[in-house]
>>> print(open('structure25.cif').read())   # mmCIF, N, CA and C atoms
data_upload
loop_
_atom_site.label_atom_id
_atom_site.label_comp_id
_atom_site.auth_asym_id
_atom_site.auth_seq_id
_atom_site.Cartn_x
_atom_site.Cartn_y
_atom_site.Cartn_z
N MET A 334 36.31 -25.42 3.41
CA MET A 334 36.33 -24.77 4.71
C MET A 334 35.79 -23.34 4.62
N LYS A 335 36.24 -22.61 3.57
CA LYS A 335 35.75 -21.24 3.40
C LYS A 335 34.24 -21.23 3.20
N LYS A 336 33.75 -22.20 2.43
CA LYS A 336 32.32 -22.28 2.14
C LYS A 336 31.53 -22.51 3.43
N ALA A 337 31.99 -23.42 4.27
CA ALA A 337 31.31 -23.71 5.54
C ALA A 337 31.33 -22.49 6.45
N LEU A 338 32.44 -21.78 6.49
CA LEU A 338 32.56 -20.58 7.31
C LEU A 338 31.61 -19.48 6.80
N LEU A 339 31.51 -19.34 5.50
CA LEU A 339 30.62 -18.35 4.91
C LEU A 339 29.16 -18.65 5.23
N ILE A 340 28.77 -19.92 5.14
CA ILE A 340 27.40 -20.33 5.46
C ILE A 340 27.10 -20.08 6.92
N LEU A 341 28.04 -20.44 7.80
CA LEU A 341 27.87 -20.21 9.23
C LEU A 341 27.73 -18.72 9.54
N LEU A 342 28.55 -17.91 8.92
CA LEU A 342 28.52 -16.46 9.13
C LEU A 342 27.19 -15.88 8.64
N ALA A 343 26.73 -16.31 7.48
CA ALA A 343 25.46 -15.82 6.94
C ALA A 343 24.29 -16.23 7.83
N ALA A 344 24.28 -17.47 8.30
CA ALA A 344 23.20 -17.96 9.16
C ALA A 344 23.17 -17.20 10.48
N SER A 345 24.34 -16.94 11.06
CA SER A 345 24.37 -16.21 12.33
C SER A 345 23.95 -14.76 12.13
N GLY A 346 24.24 -14.19 10.97
CA GLY A 346 23.81 -12.83 10.67
C GLY A 346 22.30 -12.73 10.58
N LEU A 347 21.67 -13.74 9.98
CA LEU A 347 20.21 -13.74 9.87
C LEU A 347 19.55 -13.85 11.23
N VAL A 348 20.10 -14.66 12.10
CA VAL A 348 19.55 -14.82 13.44
C VAL A 348 19.76 -13.54 14.25
N ALA A 349 20.91 -12.90 14.10
CA ALA A 349 21.23 -11.72 14.87
C ALA A 349 20.42 -10.50 14.44
N CYS A 350 19.94 -10.46 13.20
CA CYS A 350 19.22 -9.30 12.67
C CYS A 350 17.72 -9.40 12.89
N LYS A 351 17.31 -9.93 13.99
CA LYS A 351 15.89 -10.08 14.28
C LYS A 351 15.28 -8.71 14.58
N LYS A 352 14.22 -8.35 13.82
CA LYS A 352 13.53 -7.07 14.01
C LYS A 352 12.34 -7.27 14.93
N ASN A 353 11.72 -6.15 15.31
CA ASN A 353 10.46 -6.23 16.03
C ASN A 353 9.41 -6.82 15.09
N LYS A 354 8.17 -6.86 15.53
CA LYS A 354 7.10 -7.38 14.68
C LYS A 354 7.12 -6.69 13.32
N VAL A 355 6.78 -7.44 12.28
CA VAL A 355 6.75 -6.89 10.93
C VAL A 355 5.35 -7.03 10.38
N ALA A 356 4.83 -5.96 9.80
CA ALA A 356 3.50 -6.01 9.17
C ALA A 356 3.53 -7.01 8.01
N PRO A 357 2.37 -7.50 7.58
CA PRO A 357 2.33 -8.50 6.51
C PRO A 357 3.08 -8.06 5.26
N VAL A 358 3.66 -9.02 4.56
CA VAL A 358 4.38 -8.75 3.32
C VAL A 358 3.40 -8.13 2.33
N THR A 359 3.85 -7.10 1.66
CA THR A 359 2.99 -6.37 0.75
C THR A 359 3.19 -6.84 -0.69
N ASN A 360 2.13 -7.29 -1.31
CA ASN A 360 2.15 -7.63 -2.72
C ASN A 360 0.95 -6.93 -3.35
N VAL A 361 1.17 -5.76 -3.89
CA VAL A 361 0.07 -4.94 -4.38
C VAL A 361 -0.23 -5.14 -5.86
N ILE A 362 0.62 -5.84 -6.59
CA ILE A 362 0.42 -5.99 -8.02
C ILE A 362 -0.93 -6.65 -8.29
N GLY A 363 -1.73 -6.01 -9.10
CA GLY A 363 -3.04 -6.56 -9.44
C GLY A 363 -4.10 -5.49 -9.53
N LYS A 364 -5.33 -5.94 -9.66
CA LYS A 364 -6.49 -5.07 -9.81
C LYS A 364 -7.31 -5.15 -8.53
N TRP A 365 -7.58 -3.99 -7.93
CA TRP A 365 -8.25 -3.90 -6.64
C TRP A 365 -9.48 -3.01 -6.77
N GLU A 366 -10.57 -3.39 -6.10
CA GLU A 366 -11.78 -2.58 -6.10
C GLU A 366 -12.02 -2.00 -4.71
N LEU A 367 -12.37 -0.71 -4.69
CA LEU A 367 -12.63 -0.02 -3.43
C LEU A 367 -13.79 -0.69 -2.69
N HIS A 368 -13.56 -0.98 -1.41
CA HIS A 368 -14.59 -1.60 -0.59
C HIS A 368 -15.05 -0.67 0.54
N ARG A 369 -14.08 0.01 1.16
CA ARG A 369 -14.44 0.82 2.33
C ARG A 369 -13.48 2.00 2.47
N ARG A 370 -14.03 3.12 2.94
CA ARG A 370 -13.24 4.29 3.27
C ARG A 370 -13.67 4.72 4.66
N HIS A 371 -12.70 4.96 5.55
CA HIS A 371 -13.08 5.33 6.91
C HIS A 371 -12.02 6.20 7.57
N GLY A 372 -12.44 6.95 8.57
CA GLY A 372 -11.54 7.83 9.32
C GLY A 372 -11.26 9.11 8.56
N GLY A 373 -10.43 9.93 9.14
CA GLY A 373 -10.06 11.19 8.51
C GLY A 373 -11.15 12.24 8.66
N ASN A 374 -10.79 13.47 8.36
CA ASN A 374 -11.72 14.60 8.49
C ASN A 374 -11.98 15.32 7.18
N ILE A 375 -11.22 15.04 6.14
CA ILE A 375 -11.35 15.75 4.87
C ILE A 375 -12.53 15.23 4.07
N ASN A 376 -12.71 13.95 4.04
CA ASN A 376 -13.70 13.31 3.17
C ASN A 376 -15.06 13.20 3.84
N PRO A 377 -16.10 12.88 3.04
CA PRO A 377 -17.43 12.63 3.61
C PRO A 377 -17.39 11.48 4.62
N PRO A 378 -18.51 11.20 5.28
CA PRO A 378 -18.55 10.15 6.32
C PRO A 378 -18.07 8.79 5.82
N ASP A 379 -17.77 7.92 6.78
CA ASP A 379 -17.33 6.56 6.45
C ASP A 379 -18.30 5.93 5.46
N THR A 380 -17.73 5.23 4.49
CA THR A 380 -18.56 4.66 3.42
C THR A 380 -18.11 3.24 3.10
N THR A 381 -19.09 2.35 2.91
CA THR A 381 -18.82 1.00 2.40
C THR A 381 -19.40 0.95 0.99
N TYR A 382 -18.61 0.43 0.06
CA TYR A 382 -19.00 0.40 -1.35
C TYR A 382 -19.43 -1.01 -1.76
N GLN A 383 -20.43 -1.09 -2.61
CA GLN A 383 -20.91 -2.37 -3.13
C GLN A 383 -19.95 -2.91 -4.19
N ALA A 384 -19.89 -4.22 -4.33
CA ALA A 384 -19.09 -4.84 -5.38
C ALA A 384 -19.58 -4.35 -6.73
N GLY A 385 -18.65 -4.15 -7.67
CA GLY A 385 -19.00 -3.68 -9.00
C GLY A 385 -19.15 -2.17 -9.10
N ASN A 386 -18.64 -1.43 -8.10
CA ASN A 386 -18.80 0.03 -8.07
C ASN A 386 -17.93 0.77 -9.08
N GLY A 387 -16.94 0.11 -9.69
CA GLY A 387 -16.11 0.74 -10.71
C GLY A 387 -14.99 1.61 -10.18
N ASN A 388 -14.80 1.65 -8.86
CA ASN A 388 -13.68 2.40 -8.26
C ASN A 388 -12.52 1.43 -8.11
N ILE A 389 -11.61 1.48 -9.07
CA ILE A 389 -10.55 0.48 -9.20
C ILE A 389 -9.19 1.13 -9.01
N LEU A 390 -8.30 0.41 -8.38
CA LEU A 390 -6.89 0.78 -8.25
C LEU A 390 -6.09 -0.35 -8.86
N LEU A 391 -5.33 -0.05 -9.89
CA LEU A 391 -4.57 -1.05 -10.63
C LEU A 391 -3.08 -0.79 -10.44
N PHE A 392 -2.36 -1.79 -9.91
CA PHE A 392 -0.92 -1.71 -9.77
C PHE A 392 -0.29 -2.69 -10.76
N ASN A 393 0.53 -2.17 -11.67
CA ASN A 393 1.22 -3.02 -12.65
C ASN A 393 2.64 -3.33 -12.18
N ALA A 394 3.18 -4.42 -12.66
CA ALA A 394 4.54 -4.85 -12.29
C ALA A 394 5.60 -3.86 -12.75
N ASP A 395 5.29 -2.99 -13.72
CA ASP A 395 6.26 -2.00 -14.20
C ASP A 395 6.22 -0.71 -13.39
N SER A 396 5.62 -0.75 -12.19
CA SER A 396 5.52 0.38 -11.25
C SER A 396 4.60 1.50 -11.74
N ILE A 397 3.67 1.16 -12.60
CA ILE A 397 2.65 2.11 -13.04
C ILE A 397 1.34 1.78 -12.33
N TYR A 398 0.67 2.80 -11.81
CA TYR A 398 -0.65 2.59 -11.22
C TYR A 398 -1.67 3.37 -12.03
N LYS A 399 -2.92 2.94 -11.96
CA LYS A 399 -4.04 3.64 -12.58
C LYS A 399 -5.21 3.57 -11.61
N THR A 400 -5.94 4.67 -11.49
CA THR A 400 -7.16 4.67 -10.70
C THR A 400 -8.34 4.94 -11.63
N TYR A 401 -9.43 4.25 -11.35
CA TYR A 401 -10.66 4.41 -12.12
C TYR A 401 -11.75 4.78 -11.13
N SER A 402 -12.50 5.81 -11.45
CA SER A 402 -13.62 6.24 -10.63
C SER A 402 -14.90 6.01 -11.43
N GLY A 403 -15.76 5.14 -10.94
CA GLY A 403 -16.98 4.81 -11.67
C GLY A 403 -16.69 4.20 -13.03
N GLY A 404 -15.55 3.53 -13.17
CA GLY A 404 -15.18 2.89 -14.42
C GLY A 404 -14.40 3.76 -15.39
N THR A 405 -14.20 5.05 -15.06
CA THR A 405 -13.48 5.98 -15.92
C THR A 405 -12.10 6.26 -15.33
N LEU A 406 -11.07 6.22 -16.19
CA LEU A 406 -9.70 6.51 -15.74
C LEU A 406 -9.65 7.91 -15.15
N SER A 407 -9.20 8.01 -13.89
CA SER A 407 -9.13 9.31 -13.23
C SER A 407 -7.71 9.73 -12.89
N ASP A 408 -6.77 8.79 -12.85
CA ASP A 408 -5.40 9.14 -12.50
C ASP A 408 -4.48 8.00 -12.89
N SER A 409 -3.23 8.34 -13.15
CA SER A 409 -2.21 7.32 -13.40
C SER A 409 -0.85 7.93 -13.14
N GLY A 410 0.12 7.08 -12.95
CA GLY A 410 1.48 7.55 -12.68
C GLY A 410 2.33 6.41 -12.19
N ARG A 411 3.42 6.77 -11.51
CA ARG A 411 4.35 5.78 -10.99
C ARG A 411 4.17 5.63 -9.48
N PHE A 412 4.43 4.41 -8.99
CA PHE A 412 4.40 4.16 -7.56
C PHE A 412 5.67 3.42 -7.16
N HIS A 413 5.97 3.47 -5.87
CA HIS A 413 7.13 2.76 -5.32
C HIS A 413 6.77 2.28 -3.92
N ILE A 414 7.24 1.09 -3.57
CA ILE A 414 7.04 0.57 -2.22
C ILE A 414 8.39 0.43 -1.54
N ALA A 415 8.53 1.07 -0.39
CA ALA A 415 9.74 0.96 0.42
C ALA A 415 9.42 -0.01 1.55
N ARG A 416 10.05 -1.18 1.54
CA ARG A 416 9.79 -2.23 2.52
C ARG A 416 10.25 -1.80 3.91
N HIS A 417 9.39 -1.98 4.89
CA HIS A 417 9.68 -1.74 6.31
C HIS A 417 10.28 -0.36 6.55
N ALA A 418 9.78 0.64 5.84
CA ALA A 418 10.35 1.99 5.91
C ALA A 418 9.79 2.83 7.04
N TYR A 419 8.68 2.42 7.62
CA TYR A 419 8.02 3.22 8.64
C TYR A 419 7.78 2.35 9.86
N LYS A 420 8.11 2.87 11.03
CA LYS A 420 7.93 2.11 12.26
C LYS A 420 7.01 2.87 13.21
N SER A 421 6.01 2.17 13.72
CA SER A 421 5.09 2.76 14.69
C SER A 421 4.67 1.69 15.67
N GLY A 422 4.78 1.97 16.95
CA GLY A 422 4.38 1.02 17.97
C GLY A 422 5.11 -0.30 17.89
N GLY A 423 6.37 -0.27 17.48
CA GLY A 423 7.17 -1.49 17.40
C GLY A 423 6.89 -2.34 16.17
N ILE A 424 6.06 -1.84 15.26
CA ILE A 424 5.73 -2.59 14.04
C ILE A 424 6.28 -1.85 12.83
N TYR A 425 6.90 -2.57 11.92
CA TYR A 425 7.41 -2.00 10.68
C TYR A 425 6.34 -2.11 9.60
N TYR A 426 6.14 -1.03 8.86
CA TYR A 426 5.17 -0.99 7.78
C TYR A 426 5.87 -0.69 6.47
N ASP A 427 5.25 -1.15 5.38
CA ASP A 427 5.72 -0.79 4.06
C ASP A 427 5.14 0.57 3.71
N GLU A 428 5.94 1.38 3.04
CA GLU A 428 5.52 2.73 2.67
C GLU A 428 5.28 2.77 1.16
N LEU A 429 4.14 3.26 0.76
CA LEU A 429 3.76 3.36 -0.64
C LEU A 429 3.84 4.82 -1.04
N SER A 430 4.54 5.10 -2.13
CA SER A 430 4.62 6.49 -2.60
C SER A 430 4.11 6.59 -4.03
N PHE A 431 3.37 7.65 -4.28
CA PHE A 431 2.83 7.97 -5.60
C PHE A 431 3.47 9.27 -6.06
N ASN A 432 3.66 9.43 -7.37
CA ASN A 432 4.17 10.72 -7.84
C ASN A 432 3.08 11.78 -7.82
N SER A 433 1.84 11.38 -7.94
CA SER A 433 0.66 12.22 -7.71
C SER A 433 -0.47 11.23 -7.50
N TYR A 434 -1.54 11.65 -6.88
CA TYR A 434 -2.57 10.67 -6.56
C TYR A 434 -3.92 11.35 -6.41
N THR A 435 -4.94 10.76 -6.99
CA THR A 435 -6.31 11.21 -6.81
C THR A 435 -7.03 10.15 -5.99
N ASN A 436 -7.55 10.53 -4.85
CA ASN A 436 -8.21 9.58 -3.94
C ASN A 436 -9.72 9.76 -3.99
N TYR A 437 -10.29 9.84 -5.18
CA TYR A 437 -11.73 9.93 -5.41
C TYR A 437 -12.37 11.20 -4.86
N PHE A 438 -11.81 11.77 -3.82
CA PHE A 438 -12.40 12.96 -3.22
C PHE A 438 -11.45 14.15 -3.23
N TYR A 439 -10.17 13.92 -3.39
CA TYR A 439 -9.21 15.00 -3.44
C TYR A 439 -8.04 14.59 -4.31
N THR A 440 -7.32 15.57 -4.84
CA THR A 440 -6.15 15.31 -5.67
C THR A 440 -4.94 15.94 -5.02
N ILE A 441 -3.85 15.20 -4.97
CA ILE A 441 -2.60 15.70 -4.43
C ILE A 441 -1.58 15.65 -5.55
N ASN A 442 -1.05 16.78 -5.94
CA ASN A 442 0.02 16.82 -6.93
C ASN A 442 1.28 17.25 -6.21
N ALA A 443 2.04 16.28 -5.80
CA ALA A 443 3.26 16.53 -5.04
C ALA A 443 4.36 15.66 -5.61
N ALA A 444 5.57 15.95 -5.22
CA ALA A 444 6.68 15.13 -5.68
C ALA A 444 6.48 13.69 -5.22
N VAL A 445 6.04 13.53 -3.98
CA VAL A 445 5.80 12.20 -3.44
C VAL A 445 4.66 12.28 -2.44
N VAL A 446 3.73 11.35 -2.53
CA VAL A 446 2.67 11.21 -1.55
C VAL A 446 2.91 9.90 -0.83
N LEU A 447 2.99 9.92 0.49
CA LEU A 447 3.32 8.71 1.24
C LEU A 447 2.11 8.14 1.95
N ASP A 448 1.98 6.84 1.85
CA ASP A 448 0.92 6.10 2.52
C ASP A 448 1.53 4.84 3.10
N LEU A 449 0.92 4.32 4.16
CA LEU A 449 1.29 3.00 4.65
C LEU A 449 0.41 2.01 3.91
N VAL A 450 0.98 0.86 3.56
CA VAL A 450 0.23 -0.11 2.77
C VAL A 450 0.45 -1.49 3.34
N SER A 451 -0.62 -2.28 3.38
CA SER A 451 -0.50 -3.67 3.80
C SER A 451 -1.51 -4.51 3.04
N VAL A 452 -1.16 -5.77 2.86
CA VAL A 452 -2.05 -6.73 2.21
C VAL A 452 -2.26 -7.87 3.18
N SER A 453 -3.51 -8.20 3.43
CA SER A 453 -3.85 -9.32 4.30
C SER A 453 -4.92 -10.14 3.58
N GLY A 454 -4.55 -11.32 3.13
CA GLY A 454 -5.47 -12.13 2.34
C GLY A 454 -5.78 -11.42 1.05
N SER A 455 -7.07 -11.16 0.80
CA SER A 455 -7.47 -10.48 -0.43
C SER A 455 -7.80 -9.01 -0.19
N ALA A 456 -7.35 -8.47 0.95
CA ALA A 456 -7.63 -7.07 1.28
C ALA A 456 -6.36 -6.23 1.25
N LEU A 457 -6.43 -5.10 0.58
CA LEU A 457 -5.37 -4.11 0.51
C LEU A 457 -5.81 -2.90 1.32
N THR A 458 -4.99 -2.46 2.27
CA THR A 458 -5.32 -1.30 3.08
C THR A 458 -4.28 -0.22 2.85
N ILE A 459 -4.74 0.99 2.55
CA ILE A 459 -3.86 2.14 2.33
C ILE A 459 -4.23 3.19 3.37
N THR A 460 -3.25 3.53 4.20
CA THR A 460 -3.46 4.52 5.26
C THR A 460 -2.53 5.70 5.01
N PRO A 461 -3.07 6.86 4.67
CA PRO A 461 -2.25 8.03 4.40
C PRO A 461 -1.48 8.50 5.64
N LEU A 462 -0.30 9.01 5.42
CA LEU A 462 0.46 9.61 6.51
C LEU A 462 0.09 11.09 6.66
N MET A 463 -1.07 11.44 6.16
CA MET A 463 -1.64 12.76 6.28
C MET A 463 -2.77 12.62 7.29
N PRO A 464 -2.70 13.26 8.44
CA PRO A 464 -3.61 12.97 9.54
C PRO A 464 -5.10 13.09 9.23
N ASP A 465 -5.52 13.97 8.34
CA ASP A 465 -6.94 14.17 8.09
C ASP A 465 -7.50 13.33 6.96
N ALA A 466 -6.67 12.55 6.28
CA ALA A 466 -7.13 11.77 5.14
C ALA A 466 -7.64 10.40 5.58
N SER A 467 -8.54 9.84 4.79
CA SER A 467 -9.18 8.57 5.12
C SER A 467 -8.32 7.37 4.75
N THR A 468 -8.50 6.30 5.51
CA THR A 468 -7.93 5.00 5.18
C THR A 468 -8.87 4.34 4.18
N THR A 469 -8.30 3.70 3.17
CA THR A 469 -9.13 3.00 2.18
C THR A 469 -8.78 1.53 2.18
N GLN A 470 -9.80 0.71 1.95
CA GLN A 470 -9.60 -0.73 1.87
C GLN A 470 -10.16 -1.22 0.54
N TYR A 471 -9.38 -2.05 -0.12
CA TYR A 471 -9.74 -2.60 -1.43
C TYR A 471 -9.76 -4.12 -1.35
N TYR A 472 -10.57 -4.74 -2.20
CA TYR A 472 -10.55 -6.19 -2.34
C TYR A 472 -9.97 -6.53 -3.70
N LYS A 473 -9.17 -7.59 -3.73
CA LYS A 473 -8.49 -7.97 -4.96
C LYS A 473 -9.47 -8.60 -5.94
N LEU A 474 -9.43 -8.12 -7.19
CA LEU A 474 -10.26 -8.66 -8.25
C LEU A 474 -9.47 -9.66 -9.10
N SER A 475 -8.21 -9.32 -9.39
CA SER A 475 -7.38 -10.19 -10.22
C SER A 475 -5.92 -9.78 -10.09
N ASN A 476 -5.04 -10.65 -10.58
CA ASN A 476 -3.59 -10.34 -10.58
C ASN A 476 -3.22 -9.50 -11.76
#
>>> encode(input="structure25.cif", output="structure tokens")
Amino acid sequence: MKKALLILLAASGLVACKKNKVAPVTNVIGKWELHRRHGGNINPPDTTYQAGNGNILLFNADSIYKTYSGGTLSDSGRFHIARHAYKSGGIYYDELSFNSYTNYFYTINAAVVLDLVSVSGSALTITPLMPDASTTQYYKLSN
């Protein structure tokens, strides 16, 4: 009887906790190549990059990231993803934080750098919560 009551209570809790729309589940672990940079006012004009450009963002399962610019290691450190931590327009987004981050055109050395992150199919999109910074889109190369 207790087991049935517990299951009923858990099921009703799941139904009752319905959120607004949720952005796609984020799975960033893997090797990603820069495809496009757009928007923002700090960086040069919008740019689309050819495959094989060597601008790589690598997320490891141990929460370590590495960035490569033209095939050369340019930055590394720790990252963290806070699920559904940011809400805008009724949609919840995952928040990606870096302990420091080099975005090919500028370097930020701060305690935490926050970006919104989403994965849709084989595309990773990182949108900084800094109004003048560019959104970057990566294509997945491998897990």
>>> residues_around(input="structure25.cif", residues="Asp448 (chain A)", least_positions_apart="6", cutoff="6 Å", atoms="all atoms listed in the file", output="JSON, numbers by chain")
{"A": [427, 428, 429, 430, 459, 460, 461, 462]}
>>> resolve_selection(input="structure25.cif", expression="the PyMOL selection byres (((chain A and resi 392-394 and name CA) around 12) and name CA)", output="PDB file with N, CA and C atoms, in the frame of the given file")
ATOM      1  N   ASN A 360       2.130  -7.290  -1.310  1.00  0.00           N
ATOM      2  CA  ASN A 360       2.150  -7.630  -2.720  1.00  0.00           C
ATOM      3  C   ASN A 360       0.950  -6.930  -3.350  1.00  0.00           C
ATOM      4  N   VAL A 361       1.170  -5.760  -3.890  1.00  0.00           N
ATOM      5  CA  VAL A 361       0.070  -4.940  -4.380  1.00  0.00           C
ATOM      6  C   VAL A 361      -0.230  -5.140  -5.860  1.00  0.00           C
ATOM      7  N   ILE A 362       0.620  -5.840  -6.590  1.00  0.00           N
ATOM      8  CA  ILE A 362       0.420  -5.990  -8.020  1.00  0.00           C
ATOM      9  C   ILE A 362      -0.930  -6.650  -8.290  1.00  0.00           C
ATOM     10  N   GLY A 363      -1.730  -6.010  -9.100  1.00  0.00           N
ATOM     11  CA  GLY A 363      -3.040  -6.560  -9.440  1.00  0.00           C
ATOM     12  C   GLY A 363      -4.100  -5.490  -9.530  1.00  0.00           C
ATOM     13  N   LYS A 364      -5.330  -5.940  -9.660  1.00  0.00           N
ATOM     14  CA  LYS A 364      -6.490  -5.070  -9.810  1.00  0.00           C
ATOM     15  C   LYS A 364      -7.310  -5.150  -8.530  1.00  0.00           C
ATOM     16  N   TRP A 365      -7.580  -3.990  -7.930  1.00  0.00           N
ATOM     17  CA  TRP A 365      -8.250  -3.900  -6.640  1.00  0.00           C
ATOM     18  C   TRP A 365      -9.480  -3.010  -6.770  1.00  0.00           C
ATOM     19  N   GLU A 366     -10.570  -3.390  -6.100  1.00  0.00           N
ATOM     20  CA  GLU A 366     -11.780  -2.580  -6.100  1.00  0.00           C
ATOM     21  C   GLU A 366     -12.020  -2.000  -4.710  1.00  0.00           C
ATOM     22  N   ILE A 389     -11.610   1.480  -9.070  1.00  0.00           N
ATOM     23  CA  ILE A 389     -10.550   0.480  -9.200  1.00  0.00           C
ATOM     24  C   ILE A 389      -9.190   1.130  -9.010  1.00  0.00           C
ATOM     25  N   LEU A 390      -8.300   0.410  -8.380  1.00  0.00           N
ATOM     26  CA  LEU A 390      -6.890   0.780  -8.250  1.00  0.00           C
ATOM     27  C   LEU A 390      -6.090  -0.350  -8.860  1.00  0.00           C
ATOM     28  N   LEU A 391      -5.330  -0.050  -9.890  1.00  0.00           N
ATOM     29  CA  LEU A 391      -4.570  -1.050 -10.630  1.00  0.00           C
ATOM     30  C   LEU A 391      -3.080  -0.790 -10.440  1.00  0.00           C
ATOM     31  N   ASP A 395       5.290  -2.990 -13.720  1.00  0.00           N
ATOM     32  CA  ASP A 395       6.260  -2.000 -14.200  1.00  0.00           C
ATOM     33  C   ASP A 395       6.220  -0.710 -13.390  1.00  0.00           C
ATOM     34  N   SER A 396       5.620  -0.750 -12.190  1.00  0.00           N
ATOM     35  CA  SER A 396       5.520   0.380 -11.250  1.00  0.00           C
ATOM     36  C   SER A 396       4.600   1.500 -11.740  1.00  0.00           C
ATOM     37  N   ILE A 397       3.670   1.160 -12.600  1.00  0.00           N
ATOM     38  CA  ILE A 397       2.650   2.110 -13.040  1.00  0.00           C
ATOM     39  C   ILE A 397       1.340   1.780 -12.330  1.00  0.00           C
ATOM     40  N   TYR A 398       0.670   2.800 -11.810  1.00  0.00           N
ATOM     41  CA  TYR A 398      -0.650   2.590 -11.220  1.00  0.00           C
ATOM     42  C   TYR A 398      -1.670   3.370 -12.030  1.00  0.00           C
ATOM     43  N   LYS A 399      -2.920   2.940 -11.960  1.00  0.00           N
ATOM     44  CA  LYS A 399      -4.040   3.640 -12.580  1.00  0.00           C
ATOM     45  C   LYS A 399      -5.210   3.570 -11.610  1.00  0.00           C
ATOM     46  N   THR A 400      -5.940   4.670 -11.490  1.00  0.00           N
ATOM     47  CA  THR A 400      -7.160   4.670 -10.700  1.00  0.00           C
ATOM     48  C   THR A 400      -8.340   4.940 -11.630  1.00  0.00           C
ATOM     49  N   TYR A 401      -9.430   4.250 -11.350  1.00  0.00           N
ATOM     50  CA  TYR A 401     -10.660   4.410 -12.120  1.00  0.00           C
ATOM     51  C   TYR A 401     -11.750   4.780 -11.130  1.00  0.00           C
ATOM     52  N   SER A 409      -3.230   8.340 -13.150  1.00  0.00           N
ATOM     53  CA  SER A 409      -2.210   7.320 -13.400  1.00  0.00           C
ATOM     54  C   SER A 409      -0.850   7.930 -13.140  1.00  0.00           C
ATOM     55  N   GLY A 410       0.120   7.080 -12.950  1.00  0.00           N
ATOM     56  CA  GLY A 410       1.480   7.550 -12.680  1.00  0.00           C
ATOM     57  C   GLY A 410       2.330   6.410 -12.190  1.00  0.00           C
ATOM     58  N   ARG A 411       3.420   6.770 -11.510  1.00  0.00           N
ATOM     59  CA  ARG A 411       4.350   5.780 -10.990  1.00  0.00           C
ATOM     60  C   ARG A 411       4.170   5.630  -9.480  1.00  0.00           C
ATOM     61  N   PHE A 412       4.430   4.410  -8.990  1.00  0.00           N
ATOM     62  CA  PHE A 412       4.400   4.160  -7.560  1.00  0.00           C
ATOM     63  C   PHE A 412       5.670   3.420  -7.160  1.00  0.00           C
ATOM     64  N   HIS A 413       5.970   3.470  -5.870  1.00  0.00           N
ATOM     65  CA  HIS A 413       7.130   2.760  -5.320  1.00  0.00           C
ATOM     66  C   HIS A 413       6.770   2.280  -3.920  1.00  0.00           C
ATOM     67  N   ILE A 414       7.240   1.090  -3.570  1.00  0.00           N
ATOM     68  CA  ILE A 414       7.040   0.570  -2.220  1.00  0.00           C
ATOM     69  C   ILE A 414       8.390   0.430  -1.540  1.00  0.00           C
ATOM     70  N   LEU A 429       4.140   3.260   0.760  1.00  0.00           N
ATOM     71  CA  LEU A 429       3.760   3.360  -0.640  1.00  0.00           C
ATOM     72  C   LEU A 429       3.840   4.820  -1.040  1.00  0.00           C
ATOM     73  N   PHE A 431       3.370   7.650  -4.280  1.00  0.00           N
ATOM     74  CA  PHE A 431       2.830   7.970  -5.600  1.00  0.00           C
ATOM     75  C   PHE A 431       3.470   9.270  -6.060  1.00  0.00           C
ATOM     76  N   LEU A 457      -6.430  -5.100   0.580  1.00  0.00           N
ATOM     77  CA  LEU A 457      -5.370  -4.110   0.510  1.00  0.00           C
ATOM     78  C   LEU A 457      -5.810  -2.900   1.320  1.00  0.00           C
ATOM     79  N   LYS A 473      -9.170  -7.590  -3.730  1.00  0.00           N
ATOM     80  CA  LYS A 473      -8.490  -7.970  -4.960  1.00  0.00           C
ATOM     81  C   LYS A 473      -9.470  -8.600  -5.940  1.00  0.00           C
ATOM     82  N   LEU A 474      -9.430  -8.120  -7.190  1.00  0.00           N
ATOM     83  CA  LEU A 474     -10.260  -8.660  -8.250  1.00  0.00           C
ATOM     84  C   LEU A 474      -9.470  -9.660  -9.100  1.00  0.00           C
ATOM     85  N   SER A 475      -8.210  -9.320  -9.390  1.00  0.00           N
ATOM     86  CA  SER A 475      -7.380 -10.190 -10.220  1.00  0.00           C
ATOM     87  C   SER A 475      -5.920  -9.780 -10.090  1.00  0.00           C
ATOM     88  N   ASN A 476      -5.040 -10.650 -10.580  1.00  0.00           N
ATOM     89  CA  ASN A 476      -3.590 -10.340 -10.580  1.00  0.00           C
ATOM     90  C   ASN A 476      -3.220  -9.500 -11.760  1.00  0.00           C
TER      91      ASN A 476
END
>>> atom_distance(input="structure25.cif", atom1="CA of Gly373 (chain A)", atom2="CA of Leu449 (chain A)")
14.5 Å
>>> atom_distance(input="structure25.cif", atom1="CA of Tyr419 (chain A)", atom2="CA of Gly454 (chain A)")
21.4 Å
>>> closest_residue(input="structure25.cif", among="A:Met463, A:Ala415, A:Tyr426, A:Gln470", to="His368 (chain A)", atoms="all atoms listed in the file")
A:Gln470
>>> atom_distance(input="structure25.cif", atom1="CA of Pro378 (chain A)", atom2="CA of Lys420 (chain A)")
28.3 Å
>>> residues_near_point(input="structure25.cif", point="(-5.8, -1.7, 0.8)", cutoff="6.5 Å", atoms="all atoms listed in the file", output="number ranges by chain")
A: 451-452, 456-459, 469-472
>>> select_by_dssp(input="structure25.cif", residues="region 366-408 of chain A", states="strand (DSSP E or B)", output="JSON, numbers by chain")
{"A": [366, 367, 368, 369, 370, 371, 380, 381, 389, 390, 391, 392, 397, 398, 399, 400, 401, 402, 405, 406, 407, 408]}
>>> closest_residue(input="structure25.cif", among="A:Ser467, A:Thr381, A:Ser453, A:Asn388", to="Gly404 (chain A)", atoms="only C-alpha atoms")
A:Asn388
>>> closest_residue(input="structure25.cif", among="A:Leu367, A:Ile424, A:Gly372, A:Thr468", to="Asn386 (chain A)", atoms="all atoms listed in the file")
A:Leu367
